[in-house]
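Colleague: File name input29.txt; file contents compact mmCIF, C-alpha atoms (C1' of nucleotides); full text below.
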# COMPACT_ATOMS: atom_id res chain seq x y z
CA MET A 1 17.86 38.20 -8.64
CA ALA A 2 15.40 35.71 -10.13
CA LYS A 3 18.28 33.35 -10.70
CA GLN A 4 18.50 32.55 -7.01
CA GLU A 5 14.76 31.91 -6.77
CA LEU A 6 14.96 29.66 -9.80
CA GLN A 7 17.76 27.59 -8.33
CA ARG A 8 15.85 27.25 -5.08
CA GLU A 9 12.85 25.86 -6.94
CA ALA A 10 15.01 23.46 -8.92
CA LEU A 11 16.65 22.19 -5.74
CA LEU A 12 13.27 21.79 -4.09
CA GLU A 13 12.03 19.70 -6.99
CA SER A 14 14.96 17.32 -6.71
CA VAL A 15 14.67 17.15 -2.94
CA ALA A 16 10.95 16.43 -3.22
CA ASP A 17 11.71 13.65 -5.68
CA HIS A 18 14.17 12.09 -3.27
CA LEU A 19 11.83 12.42 -0.31
CA LEU A 20 8.99 10.78 -2.21
CA ALA A 21 11.26 7.98 -3.30
CA HIS A 22 13.08 7.31 -0.04
CA GLY A 23 10.98 8.83 2.72
CA LEU A 24 11.63 11.37 5.44
CA GLN A 25 13.27 8.90 7.80
CA GLY A 26 16.98 9.11 7.29
CA ALA A 27 16.78 11.92 4.78
CA SER A 28 20.01 13.72 5.60
CA LEU A 29 21.55 16.65 3.84
CA ARG A 30 24.30 14.87 1.99
CA PRO A 31 22.10 12.29 0.19
CA LEU A 32 19.52 14.97 -0.53
CA ALA A 33 22.23 17.16 -2.01
CA ALA A 34 23.62 14.29 -4.06
CA ALA A 35 20.16 13.64 -5.44
CA ALA A 36 19.96 17.29 -6.42
CA GLY A 37 23.41 17.23 -8.00
CA THR A 38 25.08 19.50 -5.49
CA SER A 39 26.61 19.45 -2.04
CA ASP A 40 25.15 19.89 1.40
CA ARG A 41 27.03 23.15 1.47
CA MET A 42 24.87 24.45 -1.36
CA LEU A 43 21.59 23.33 0.17
CA LEU A 44 22.44 25.35 3.25
CA TYR A 45 23.36 28.27 1.05
CA TYR A 46 19.94 28.45 -0.53
CA PHE A 47 18.08 27.43 2.64
CA LYS A 48 19.01 28.71 6.05
CA ASP A 49 18.23 25.45 7.80
CA LYS A 50 17.47 21.85 7.21
CA ARG A 51 14.10 22.63 8.74
CA GLU A 52 13.41 25.35 6.19
CA LEU A 53 14.47 23.05 3.37
CA MET A 54 12.25 20.23 4.58
CA ALA A 55 9.28 22.48 5.25
CA GLU A 56 9.40 23.94 1.76
CA ALA A 57 10.00 20.58 0.10
CA LEU A 58 7.03 19.13 1.96
CA LEU A 59 4.85 22.02 0.85
CA LEU A 60 5.92 21.32 -2.72
CA ILE A 61 5.00 17.67 -2.25
CA ALA A 62 1.60 18.77 -0.97
CA ARG A 63 1.13 20.93 -4.07
CA ARG A 64 2.11 18.01 -6.28
CA PHE A 65 -0.40 15.79 -4.52
CA ILE A 66 -3.14 18.34 -5.05
CA THR A 67 -2.44 18.57 -8.78
CA LEU A 68 -2.45 14.78 -8.88
CA LEU A 69 -5.88 14.79 -7.28
CA ASP A 70 -7.19 17.53 -9.56
CA ALA A 71 -6.04 15.57 -12.59
CA SER A 72 -8.40 12.73 -11.70
CA ARG A 73 -11.46 14.83 -11.09
CA GLY A 74 -14.61 13.47 -12.68
CA GLU A 75 -18.35 13.58 -12.42
CA PRO A 76 -19.74 13.47 -8.88
CA MET A 77 -20.95 10.04 -7.85
CA PRO A 78 -22.67 8.41 -4.89
CA ALA A 79 -20.59 7.33 -1.91
CA ALA A 80 -21.09 3.64 -2.56
CA GLN A 81 -19.41 4.14 -5.91
CA LEU A 82 -16.76 6.59 -4.75
CA LEU A 83 -15.50 4.29 -2.02
CA PRO A 84 -14.10 1.53 -4.24
CA MET A 85 -12.74 4.13 -6.63
CA LEU A 86 -10.81 5.81 -3.81
CA ALA A 87 -9.66 2.45 -2.49
CA GLY A 88 -8.27 1.63 -5.91
CA MET A 89 -6.69 5.05 -6.23
CA ILE A 90 -4.55 4.84 -3.09
CA GLY A 91 -3.11 1.56 -4.31
CA GLN A 92 -1.91 2.99 -7.60
CA PRO A 93 1.87 3.15 -7.95
CA LEU A 94 1.66 6.84 -8.79
CA VAL A 95 -0.16 7.60 -5.54
CA LYS A 96 1.65 5.22 -3.24
CA PRO A 97 4.71 7.41 -2.58
CA TYR A 98 2.37 10.12 -1.38
CA MET A 99 0.58 7.71 0.93
CA GLN A 100 3.91 6.54 2.34
CA ILE A 101 5.16 10.02 3.04
CA TRP A 102 1.74 10.90 4.37
CA LEU A 103 1.99 8.15 6.95
CA GLU A 104 5.37 9.47 8.01
CA LEU A 105 3.88 12.95 8.36
CA VAL A 106 1.08 11.53 10.47
CA ALA A 107 3.51 9.79 12.82
CA LEU A 108 5.55 12.97 13.20
CA ALA A 109 2.46 15.11 13.71
CA SER A 110 1.27 12.72 16.38
CA ARG A 111 4.47 13.48 18.30
CA GLY A 112 3.90 17.20 17.95
CA ASP A 113 6.38 18.01 15.20
CA GLU A 114 5.35 21.49 14.12
CA THR A 115 7.72 21.68 11.15
CA ILE A 116 5.49 19.51 9.05
CA GLN A 117 2.16 20.88 10.25
CA PRO A 118 1.57 23.22 7.26
CA ALA A 119 2.16 20.48 4.71
CA ALA A 120 0.09 17.96 6.64
CA ARG A 121 -2.77 20.38 7.02
CA LYS A 122 -2.62 21.22 3.32
CA ILE A 123 -2.74 17.58 2.24
CA CYS A 124 -5.53 16.84 4.69
CA ASP A 125 -7.71 19.74 3.56
CA ALA A 126 -7.09 18.99 -0.10
CA PHE A 127 -8.00 15.33 0.18
CA LEU A 128 -11.09 16.01 2.26
CA GLY A 129 -12.18 18.76 -0.11
CA TRP A 130 -11.64 16.53 -3.11
CA ILE A 131 -13.84 13.82 -1.64
CA GLY A 132 -16.57 16.34 -0.90
CA GLN A 133 -16.45 17.62 -4.45
CA ALA A 134 -16.64 14.07 -5.80
CA LEU A 135 -19.85 13.26 -3.93
CA ASP A 136 -23.15 13.96 -5.64
CA ILE A 137 -25.15 14.99 -2.60
CA GLU A 138 -27.08 18.24 -2.87
CA ASN A 139 -27.44 18.99 0.84
CA LYS A 140 -24.14 20.57 1.76
CA THR A 141 -23.95 19.56 5.42
CA GLU A 142 -24.91 16.04 4.48
CA ARG A 143 -22.26 16.01 1.78
CA LEU A 144 -19.56 17.25 4.15
CA ALA A 145 -20.59 14.68 6.75
CA GLN A 146 -20.36 11.85 4.23
CA ALA A 147 -17.04 13.20 3.01
CA ALA A 148 -15.67 13.09 6.55
CA VAL A 149 -16.78 9.48 6.91
CA LEU A 150 -15.27 8.47 3.59
CA PHE A 151 -12.08 10.36 4.34
CA THR A 152 -11.68 8.61 7.68
CA PHE A 153 -12.29 5.24 6.11
CA ILE A 154 -9.79 5.87 3.34
CA GLU A 155 -7.17 6.90 5.87
CA GLY A 156 -7.80 3.64 7.67
CA LEU A 157 -7.39 1.78 4.40
CA GLY A 158 -4.03 3.48 3.96
CA VAL A 159 -2.93 2.23 7.35
CA LEU A 160 -4.11 -1.30 6.66
CA ASP A 161 -2.43 -1.29 3.27
CA ALA A 162 0.85 -0.46 4.93
CA VAL A 163 0.72 -2.99 7.72
CA ALA A 164 -1.42 -5.91 6.60
CA GLY A 165 -1.76 -8.00 3.50
CA PRO A 166 -4.09 -6.95 0.69
CA GLU A 167 -6.96 -9.17 1.85
CA LEU A 168 -7.98 -7.17 4.90
CA PRO A 169 -8.40 -3.81 3.12
CA ALA A 170 -10.26 -5.52 0.31
CA ALA A 171 -12.59 -7.22 2.77
CA ALA A 172 -13.17 -3.94 4.56
CA VAL A 173 -14.10 -2.17 1.35
CA LYS A 174 -16.39 -4.99 0.29
CA ALA A 175 -18.13 -4.98 3.66
CA ALA A 176 -18.36 -1.20 3.90
CA ARG A 177 -19.87 -0.64 0.47
CA PRO A 178 -23.44 -1.73 1.31
CA LEU A 179 -23.42 0.65 4.29
CA PHE A 180 -23.31 3.56 1.87
CA ASP A 181 -25.99 2.16 -0.44
CA PRO A 182 -29.25 4.07 -0.43
CA ALA A 183 -31.34 2.13 1.99
CA MET B 1 20.84 -19.02 34.32
CA ALA B 2 17.49 -17.47 35.11
CA LYS B 3 19.23 -14.37 36.41
CA GLN B 4 20.22 -13.34 32.93
CA GLU B 5 16.73 -13.87 31.60
CA LEU B 6 15.34 -11.83 34.46
CA GLN B 7 17.65 -8.91 33.78
CA ARG B 8 16.73 -9.03 30.10
CA GLU B 9 13.07 -8.74 30.97
CA ALA B 10 13.71 -5.88 33.38
CA LEU B 11 15.68 -4.02 30.74
CA LEU B 12 12.96 -4.62 28.19
CA GLU B 13 10.35 -3.15 30.52
CA SER B 14 12.35 0.04 30.95
CA VAL B 15 13.10 0.28 27.25
CA ALA B 16 9.43 -0.23 26.45
CA ASP B 17 8.52 2.54 28.87
CA HIS B 18 10.94 4.89 27.19
CA LEU B 19 9.76 3.98 23.70
CA LEU B 20 6.14 4.54 24.65
CA ALA B 21 7.00 7.88 26.20
CA HIS B 22 9.35 9.24 23.53
CA GLY B 23 8.71 7.27 20.38
CA LEU B 24 10.86 5.18 18.08
CA GLN B 25 12.23 8.12 16.16
CA GLY B 26 15.55 9.07 17.67
CA ALA B 27 15.56 6.25 20.18
CA SER B 28 19.29 5.61 20.41
CA LEU B 29 21.11 3.24 22.67
CA ARG B 30 22.49 5.71 25.19
CA PRO B 31 19.19 7.38 26.13
CA LEU B 32 17.49 3.99 26.23
CA ALA B 33 20.20 2.70 28.52
CA ALA B 34 19.99 5.76 30.72
CA ALA B 35 16.24 5.23 31.04
CA ALA B 36 16.95 1.65 32.09
CA GLY B 37 19.62 2.73 34.57
CA THR B 38 22.56 1.18 32.74
CA SER B 39 24.91 1.89 29.88
CA ASP B 40 24.70 1.17 26.20
CA ARG B 41 27.46 -1.32 26.83
CA MET B 42 25.09 -3.39 28.97
CA LEU B 43 22.20 -3.26 26.52
CA LEU B 44 24.48 -4.75 23.91
CA TYR B 45 25.61 -7.34 26.40
CA TYR B 46 22.11 -8.65 26.95
CA PHE B 47 21.01 -8.11 23.35
CA LYS B 48 23.24 -8.88 20.41
CA ASP B 49 21.97 -5.96 18.35
CA LYS B 50 19.99 -2.80 18.55
CA ARG B 51 17.61 -4.52 16.16
CA GLU B 52 17.13 -7.44 18.52
CA LEU B 53 16.56 -5.07 21.42
CA MET B 54 14.01 -3.03 19.51
CA ALA B 55 12.22 -6.08 18.14
CA GLU B 56 11.81 -7.60 21.59
CA ALA B 57 10.81 -4.30 23.18
CA LEU B 58 8.19 -3.79 20.50
CA LEU B 59 6.82 -7.27 21.09
CA LEU B 60 6.56 -6.43 24.79
CA ILE B 61 4.69 -3.25 23.90
CA ALA B 62 2.32 -5.31 21.77
CA ARG B 63 1.72 -7.66 24.72
CA ARG B 64 1.05 -4.68 26.98
CA PHE B 65 -1.43 -3.31 24.49
CA ILE B 66 -3.25 -6.62 24.34
CA THR B 67 -3.58 -6.78 28.13
CA LEU B 68 -4.82 -3.22 28.04
CA LEU B 69 -7.47 -4.24 25.56
CA ASP B 70 -8.43 -7.36 27.50
CA ALA B 71 -8.88 -5.27 30.63
CA SER B 72 -11.66 -3.33 28.98
CA ARG B 73 -13.58 -6.27 27.63
CA GLY B 74 -17.31 -6.10 28.22
CA GLU B 75 -20.57 -7.42 26.93
CA PRO B 76 -20.87 -7.61 23.14
CA MET B 77 -22.79 -4.70 21.67
CA PRO B 78 -24.06 -3.55 18.27
CA ALA B 79 -21.69 -1.74 15.95
CA ALA B 80 -23.50 1.57 16.26
CA GLN B 81 -22.76 1.48 19.96
CA LEU B 82 -19.24 0.07 19.70
CA LEU B 83 -18.09 2.79 17.33
CA PRO B 84 -18.34 5.75 19.72
CA MET B 85 -16.93 3.64 22.50
CA LEU B 86 -13.85 2.79 20.43
CA ALA B 87 -13.53 6.40 19.33
CA GLY B 88 -13.50 7.45 22.94
CA MET B 89 -11.04 4.73 23.86
CA ILE B 90 -8.30 5.76 21.43
CA GLY B 91 -8.41 9.25 22.85
CA GLN B 92 -7.76 8.14 26.41
CA PRO B 93 -4.38 9.21 27.80
CA LEU B 94 -3.62 5.62 28.71
CA VAL B 95 -4.11 4.46 25.15
CA LYS B 96 -2.60 7.40 23.33
CA PRO B 97 1.07 6.34 23.65
CA TYR B 98 0.15 3.07 21.98
CA MET B 99 -1.59 4.89 19.15
CA GLN B 100 1.43 7.14 18.67
CA ILE B 101 3.89 4.29 18.51
CA TRP B 102 1.44 2.40 16.32
CA LEU B 103 1.50 5.22 13.79
CA GLU B 104 5.28 5.08 13.78
CA LEU B 105 5.14 1.34 13.19
CA VAL B 106 2.74 1.87 10.32
CA ALA B 107 5.02 4.43 8.69
CA LEU B 108 7.99 2.08 9.02
CA ALA B 109 6.02 -0.91 7.76
CA SER B 110 4.92 1.10 4.75
CA ARG B 111 8.60 1.50 3.85
CA GLY B 112 9.18 -2.24 4.19
CA ASP B 113 10.94 -2.33 7.56
CA GLU B 114 10.84 -6.00 8.46
CA THR B 115 12.20 -5.57 12.00
CA ILE B 116 8.89 -4.31 13.27
CA GLN B 117 6.66 -6.64 11.26
CA PRO B 118 6.04 -9.17 14.07
CA ALA B 119 4.98 -6.50 16.55
CA ALA B 120 2.84 -4.68 14.01
CA ARG B 121 1.13 -7.89 12.98
CA LYS B 122 0.50 -8.79 16.60
CA ILE B 123 -1.09 -5.45 17.43
CA CYS B 124 -3.16 -5.55 14.27
CA ASP B 125 -4.51 -9.03 14.89
CA ALA B 126 -5.21 -8.32 18.54
CA PHE B 127 -7.13 -5.14 17.84
CA LEU B 128 -9.12 -6.67 15.01
CA GLY B 129 -9.89 -9.73 17.10
CA TRP B 130 -10.95 -7.60 20.04
CA ILE B 131 -13.41 -5.68 17.88
CA GLY B 132 -14.85 -8.91 16.52
CA GLN B 133 -15.33 -10.25 20.02
CA ALA B 134 -17.03 -7.02 21.11
CA LEU B 135 -19.64 -7.20 18.36
CA ASP B 136 -22.91 -9.00 19.11
CA ILE B 137 -23.52 -10.47 15.70
CA GLU B 138 -24.28 -14.19 15.57
CA ASN B 139 -23.34 -14.84 11.96
CA LYS B 140 -19.58 -15.22 12.06
CA THR B 141 -18.71 -14.02 8.57
CA GLU B 142 -21.00 -11.06 9.03
CA ARG B 143 -19.35 -10.30 12.36
CA LEU B 144 -15.86 -10.48 10.88
CA ALA B 145 -16.90 -8.26 8.01
CA GLN B 146 -18.30 -5.64 10.35
CA ALA B 147 -15.20 -5.89 12.50
CA ALA B 148 -13.02 -5.17 9.48
CA VAL B 149 -15.08 -2.11 8.67
CA LEU B 150 -14.96 -0.82 12.23
CA PHE B 151 -11.25 -1.54 12.47
CA THR B 152 -10.53 0.40 9.30
CA PHE B 153 -12.61 3.31 10.48
CA ILE B 154 -10.91 3.40 13.86
CA GLU B 155 -7.50 3.40 12.22
CA GLY B 156 -8.64 6.36 10.16
CA LEU B 157 -9.76 8.09 13.32
CA GLY B 158 -6.30 7.55 14.76
CA VAL B 159 -4.77 9.24 11.76
CA LEU B 160 -7.15 12.16 11.93
CA ASP B 161 -6.58 12.53 15.63
CA ALA B 162 -2.87 12.89 14.99
CA VAL B 163 -3.04 15.36 12.16
CA ALA B 164 -6.22 17.37 12.50
CA GLY B 165 -8.08 19.10 15.28
CA PRO B 166 -10.61 17.23 17.36
CA GLU B 167 -13.60 18.47 15.36
CA LEU B 168 -13.03 16.39 12.24
CA PRO B 169 -12.84 12.98 13.99
CA ALA B 170 -15.85 13.88 16.10
CA ALA B 171 -17.82 14.84 13.01
CA ALA B 172 -16.77 11.64 11.28
CA VAL B 173 -17.96 9.51 14.19
CA LYS B 174 -21.23 11.38 14.43
CA ALA B 175 -21.87 10.99 10.72
CA ALA B 176 -20.79 7.34 10.60
CA ARG B 177 -22.92 6.17 13.49
CA PRO B 178 -26.28 6.08 11.64
CA LEU B 179 -24.65 3.98 8.89
CA PHE B 180 -24.31 1.14 11.38
CA ASP B 181 -27.80 1.50 12.79
CA PRO B 182 -30.14 -1.38 11.96
CA ALA B 183 -31.98 -0.03 8.97
C1' DG C 1 40.98 45.79 -16.10
C1' DT C 2 39.82 46.65 -11.48
C1' DT C 3 36.60 46.45 -8.25
C1' DG C 4 32.70 44.26 -5.62
C1' DT C 5 29.15 40.71 -5.23
C1' DT C 6 27.31 36.15 -5.88
C1' DT C 7 28.16 31.31 -6.12
C1' DT C 8 30.84 27.26 -5.01
C1' DG C 9 34.61 23.81 -3.28
C1' DT C 10 37.44 22.11 0.61
C1' DA C 11 37.93 21.10 4.99
C1' DG C 12 36.57 20.51 9.29
C1' DC C 13 34.11 21.01 13.95
C1' DG C 14 31.49 19.23 17.75
C1' DA C 15 28.10 16.11 18.78
C1' DG C 16 25.95 11.82 18.22
C1' DT C 17 25.52 6.93 16.14
C1' DG C 18 26.06 1.62 16.80
C1' DC C 19 29.36 -1.16 18.38
C1' DT C 20 33.87 -3.26 20.26
C1' DA C 21 38.45 -4.10 22.74
C1' DC C 22 40.33 -4.45 27.07
C1' DA C 23 40.56 -4.75 31.70
C1' DC C 24 38.73 -5.77 36.01
C1' DA C 25 35.42 -7.17 39.65
C1' DA C 26 31.95 -10.41 41.27
C1' DA C 27 30.22 -14.74 41.52
C1' DA C 28 29.80 -19.33 40.69
C1' DT C 29 32.31 -23.85 40.30
C1' DG C 30 35.83 -27.23 40.98
C1' DC D 1 41.41 -21.71 47.82
C1' DA D 2 42.04 -21.72 42.79
C1' DT D 3 39.75 -21.29 38.52
C1' DT D 4 36.54 -20.37 35.42
C1' DT D 5 32.48 -18.00 34.16
C1' DT D 6 29.58 -14.02 34.20
C1' DG D 7 28.75 -9.18 34.72
C1' DT D 8 30.34 -4.24 34.31
C1' DG D 9 33.07 0.19 33.62
C1' DT D 10 36.29 2.87 30.59
C1' DA D 11 37.74 4.18 26.50
C1' DG D 12 37.53 4.46 22.02
C1' DC D 13 36.72 3.42 16.86
C1' DA D 14 34.81 4.51 12.48
C1' DC D 15 31.11 6.76 10.96
C1' DT D 16 27.21 10.19 10.13
C1' DC D 17 24.80 14.26 11.54
C1' DG D 18 23.81 19.49 10.78
C1' DC D 19 26.42 23.24 10.15
C1' DT D 20 30.35 26.70 9.41
C1' DA D 21 34.98 29.09 8.43
C1' DC D 22 37.85 30.17 4.75
C1' DA D 23 39.07 30.93 0.41
C1' DA D 24 38.86 30.73 -4.38
C1' DA D 25 36.43 31.00 -8.43
C1' DA D 26 32.61 33.11 -11.45
C1' DC D 27 30.28 36.94 -12.63
C1' DA D 28 28.73 41.65 -12.70
C1' DA D 29 29.40 46.82 -12.85
C1' DC D 30 32.15 50.59 -13.77
Any chance you could put this one into structure tokens?
Modeller:
Amino acid sequence: MAKQELQREALLESVADHLLAHGLQGASLRPLAAAAGTSDRMLLYYFKDKRELMAEALLLIARRFITLLDASRGEPMPAAQLLPMLAGMIGQPLVKPYMQIWLELVALASRGDETIQPAARKICDAFLGWIGQALDIENKTERLAQAAVLFTFIEGLGVLDAVAGPELPAAAVKAARPLFDPA
Amino acid sequence: MAKQELQREALLESVADHLLAHGLQGASLRPLAAAAGTSDRMLLYYFKDKRELMAEALLLIARRFITLLDASRGEPMPAAQLLPMLAGMIGQPLVKPYMQIWLELVALASRGDETIQPAARKICDAFLGWIGQALDIENKTERLAQAAVLFTFIEGLGVLDAVAGPELPAAAVKAARPLFDPA
DNA sequence: GTTGTTTTGTAGCGAGTGCTACACAAAATG
DNA sequence: CATTTTGTGTAGCACTCGCTACAAAACAAC
């Protein structure tokens, strides 16, 4: 009976790959199945719904993103140093697919789509937690507060990256850095 | 010949209403036409394409957003004061539809959709310009730099508003405010 | 080998998509 | 009034969507 579970996981991996590469928009069963080397018929055999398939694939993507974050964990550093590092991170080609799908999740969540809520929440918590752990501030409430600020700013950078040229985000980072410097 | 132009504008207004209310996702010709009191046949009579219709409707939405911004123009103020005001503004029910459709535009732009680029660019420039004009900083480059920072942060707040509860954005604003205070 | 269960292919349904052909009415133009 | 232009309804095409009915393999258990 583990065979079925194994096949489910394999399908989810392929579907996650396709979603990361081509986005949620227009991700229909037949292309997803083709990417996984099967037919839509089979996807709906292993998953009762398209909704169930998508929800589980998105959770897998969230898990992948978390491992990606954990892989680049280093020594805690001050905010003024962490900011440009994060700004550089979200531009990396390895991270970009996650930012793109993240923006799609945000747009859907804003319209009240509850299918994606678990994955979105997971990614959000993971990213925020990672930033908090990367800050070298002893006072916990102060650290969490700074993490929230940095998180918000990084999210804004993601938006600007998507919609504007590279100059505006770069200027924003350059101008924001001194704000975090120990005054 | 002005009759045709008039009808086009009227249709665009209705389509813009519908898009603001229900989003871009799943906005197909027949519901759009029904919202405008006609048939899909007529939409494609006044607009050669769905793409042309959407592009023009989005530009109208951008114009509406700009007038909305201009209506709430006041005396320039310091950044530490402008930040909570902007944070409150994007939560207003009158502004929220624009934020929702903006997030959809961002997600599409991130995937390289060039149909929406003009509208996205227009909204972006208008918002950034509005923030710059609302800041009372004499030095122009300094003002533009601060505007970029505030803009980025507000975009991040929009994302957080969509995906997280209200506590996280509120905490981010509260923690970010002292950073802008004259040290 | 004969059962019974799990996995898969084929085919298709009903609804929706953007878009078009055709016909006809209304209105402008001579 | 006759004619051309402009506006509109009906019907439908070719396609995609999620999903399902049916049946035949593949495999297991006895």
Colleague: Rounded to one decimal, what separation in Å do you get between atom C1' of DC22 of chain C and atom CA of Leu6 of chain B?
Modeller: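 Computing the Euclidean distance for atom C1' of DC22 of chain C and atom CA of Leu6 of chain B yields 27.1 Å.
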Colleague: For Ile131 of chain B, please output as a PyMOL selection string all residues within 12 Å (counting all atoms listed in the file; exclusion window: fewer than 2 positions along the same chain).
Modeller: chain B and resi 69-70+72-79+81-83+85-86+124-129+133-137+143-154
Colleague: Would you save the residues from that selection as a short mmCIF file (atom, residue, chain, number, x, y, z; two decimals), keeping the file's coordinate frame, using C-alpha atoms?
Modeller:
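Output contents, as saved in selection-v6.cif:
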data_model
loop_
_atom_site.label_atom_id
_atom_site.label_comp_id
_atom_site.auth_asym_id
_atom_site.auth_seq_id
_atom_site.Cartn_x
_atom_site.Cartn_y
_atom_site.Cartn_z
CA LEU B 69 -7.47 -4.24 25.56
CA ASP B 70 -8.43 -7.36 27.50
CA SER B 72 -11.66 -3.33 28.98
CA ARG B 73 -13.58 -6.27 27.63
CA GLY B 74 -17.31 -6.10 28.22
CA GLU B 75 -20.57 -7.42 26.93
CA PRO B 76 -20.87 -7.61 23.14
CA MET B 77 -22.79 -4.70 21.67
CA PRO B 78 -24.06 -3.55 18.27
CA ALA B 79 -21.69 -1.74 15.95
CA GLN B 81 -22.76 1.48 19.96
CA LEU B 82 -19.24 0.07 19.70
CA LEU B 83 -18.09 2.79 17.33
CA MET B 85 -16.93 3.64 22.50
CA LEU B 86 -13.85 2.79 20.43
CA CYS B 124 -3.16 -5.55 14.27
CA ASP B 125 -4.51 -9.03 14.89
CA ALA B 126 -5.21 -8.32 18.54
CA PHE B 127 -7.13 -5.14 17.84
CA LEU B 128 -9.12 -6.67 15.01
CA GLY B 129 -9.89 -9.73 17.10
CA GLN B 133 -15.33 -10.25 20.02
CA ALA B 134 -17.03 -7.02 21.11
CA LEU B 135 -19.64 -7.20 18.36
CA ASP B 136 -22.91 -9.00 19.11
CA ILE B 137 -23.52 -10.47 15.70
CA ARG B 143 -19.35 -10.30 12.36
CA LEU B 144 -15.86 -10.48 10.88
CA ALA B 145 -16.90 -8.26 8.01
CA GLN B 146 -18.30 -5.64 10.35
CA ALA B 147 -15.20 -5.89 12.50
CA ALA B 148 -13.02 -5.17 9.48
CA VAL B 149 -15.08 -2.11 8.67
CA LEU B 150 -14.96 -0.82 12.23
CA PHE B 151 -11.25 -1.54 12.47
CA THR B 152 -10.53 0.40 9.30
CA PHE B 153 -12.61 3.31 10.48
CA ILE B 154 -10.91 3.40 13.86
#
Colleague: From the set A:Arg51, A:Ser14, A:His22, A:Ala2, which residue has the shortest atom-to-atom contact distance to chain D, counting all atoms listed in the file?
Modeller: A:Arg51
Colleague: Hey, which bits of chain B sit within 7 Å of chain A, and for each residue what's the closest pair of atoms and how far apart in Å (one decimal), counting only C-alpha atoms, rows by chain and increasing number, as a Markdown table?
Modeller:
| residue | atom | partner | partner_atom | distance |
| --- | --- | --- | --- | --- |
| B:Gln100 | CA | A:Ser110 | CA | 6.0 |
| B:Leu103 | CA | A:Ala107 | CA | 5.1 |
| B:Glu104 | CA | A:Ala107 | CA | 5.1 |
| B:Val106 | CA | A:Val163 | CA | 5.9 |
| B:Ala107 | CA | A:Glu104 | CA | 5.1 |
| B:Ala109 | CA | A:Val163 | CA | 5.7 |
| B:Ser110 | CA | A:Ala162 | CA | 4.4 |
| B:Ala120 | CA | A:Val163 | CA | 6.8 |
| B:Ala145 | CA | A:Ala175 | CA | 5.6 |
| B:Gln146 | CA | A:Ala175 | CA | 6.7 |
| B:Ala148 | CA | A:Ala172 | CA | 5.1 |
| B:Val149 | CA | A:Ala172 | CA | 4.9 |
| B:Thr152 | CA | A:Gly156 | CA | 4.5 |
| B:Phe153 | CA | A:Phe153 | CA | 4.8 |
| B:Ile154 | CA | A:Gly156 | CA | 6.9 |
| B:Glu155 | CA | A:Gly156 | CA | 4.6 |
| B:Gly156 | CA | A:Gly156 | CA | 3.8 |
| B:Leu157 | CA | A:Thr152 | CA | 6.0 |
| B:Val159 | CA | A:Val106 | CA | 6.4 |
| B:Ala162 | CA | A:Ser110 | CA | 4.4 |
| B:Val163 | CA | A:Ala109 | CA | 5.7 |
| B:Ala171 | CA | A:Ala145 | CA | 6.8 |
| B:Ala172 | CA | A:Val149 | CA | 4.9 |
| B:Ala175 | CA | A:Ala145 | CA | 5.6 |
| B:Ala176 | CA | A:Val149 | CA | 5.9 |
| B:Leu179 | CA | A:Leu179 | CA | 5.8 |
Colleague: Box in all listed atoms of segment 171-177 of chain A, axis-aligned, with 4 Å more on each side; write out centre and edge lengths in Å to one decimal as JSON.
Modeller:
{"center_x": -16.2, "center_y": -3.9, "center_z": 2.4, "size_x": 15.3, "size_y": 14.6, "size_z": 12.3}
Colleague: Near DG9 of chain C, within 10 Å and counting all atoms listed in the file, which residues show up once chain neighbours fewer than 5 positions away are dropped, as a list in words?
Modeller: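 In the requested form, the answer reads Ser39, Arg41 and Met42 of chain A; DA23, DA24 and DA25 of chain D.
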Colleague: Interatomic distance between atom CA of His18 of chain A and atom CA of Leu32 of chain A?
Modeller: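 Atom CA of Leu32 of chain A lies at a distance of 6.7 Å from atom CA of His18 of chain A.
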Colleague: Output the contact residues of chain D with respect to chain B at a cut-off of 9 Å, based on all atoms listed in the file, as a ChimeraX atom specification.
Modeller: /D:7-9
Colleague: Select, as a list in words, those residues of chain C with any atom no more than 12 Å from chain B (distances computed using all atoms listed in the file).
Modeller: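 Therefore, the residues near the partner are DG16, DT17, DG18, DC19, DT20 and DA28 of chain C.
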Colleague: Taking C-alpha atoms (C1' of nucleotides) for each residue, export the selection above as a PDB file, in the coordinates of the input.
Modeller:
ATOM      1  C1'  DG C  16      25.950  11.820  18.220  1.00  0.00           C
ATOM      2  C1'  DT C  17      25.520   6.930  16.140  1.00  0.00           C
ATOM      3  C1'  DG C  18      26.060   1.620  16.800  1.00  0.00           C
ATOM      4  C1'  DC C  19      29.360  -1.160  18.380  1.00  0.00           C
ATOM      5  C1'  DT C  20      33.870  -3.260  20.260  1.00  0.00           C
ATOM      6  C1'  DA C  28      29.800 -19.330  40.690  1.00  0.00           C
TER       7       DA C  28
END
Colleague: I'd like the interatomic distance between atom C1' of DC27 of chain D and atom CA of Tyr46 of chain A, to a tenth of an Å.
Modeller: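 Interatomic distance here is 18.0 Å.
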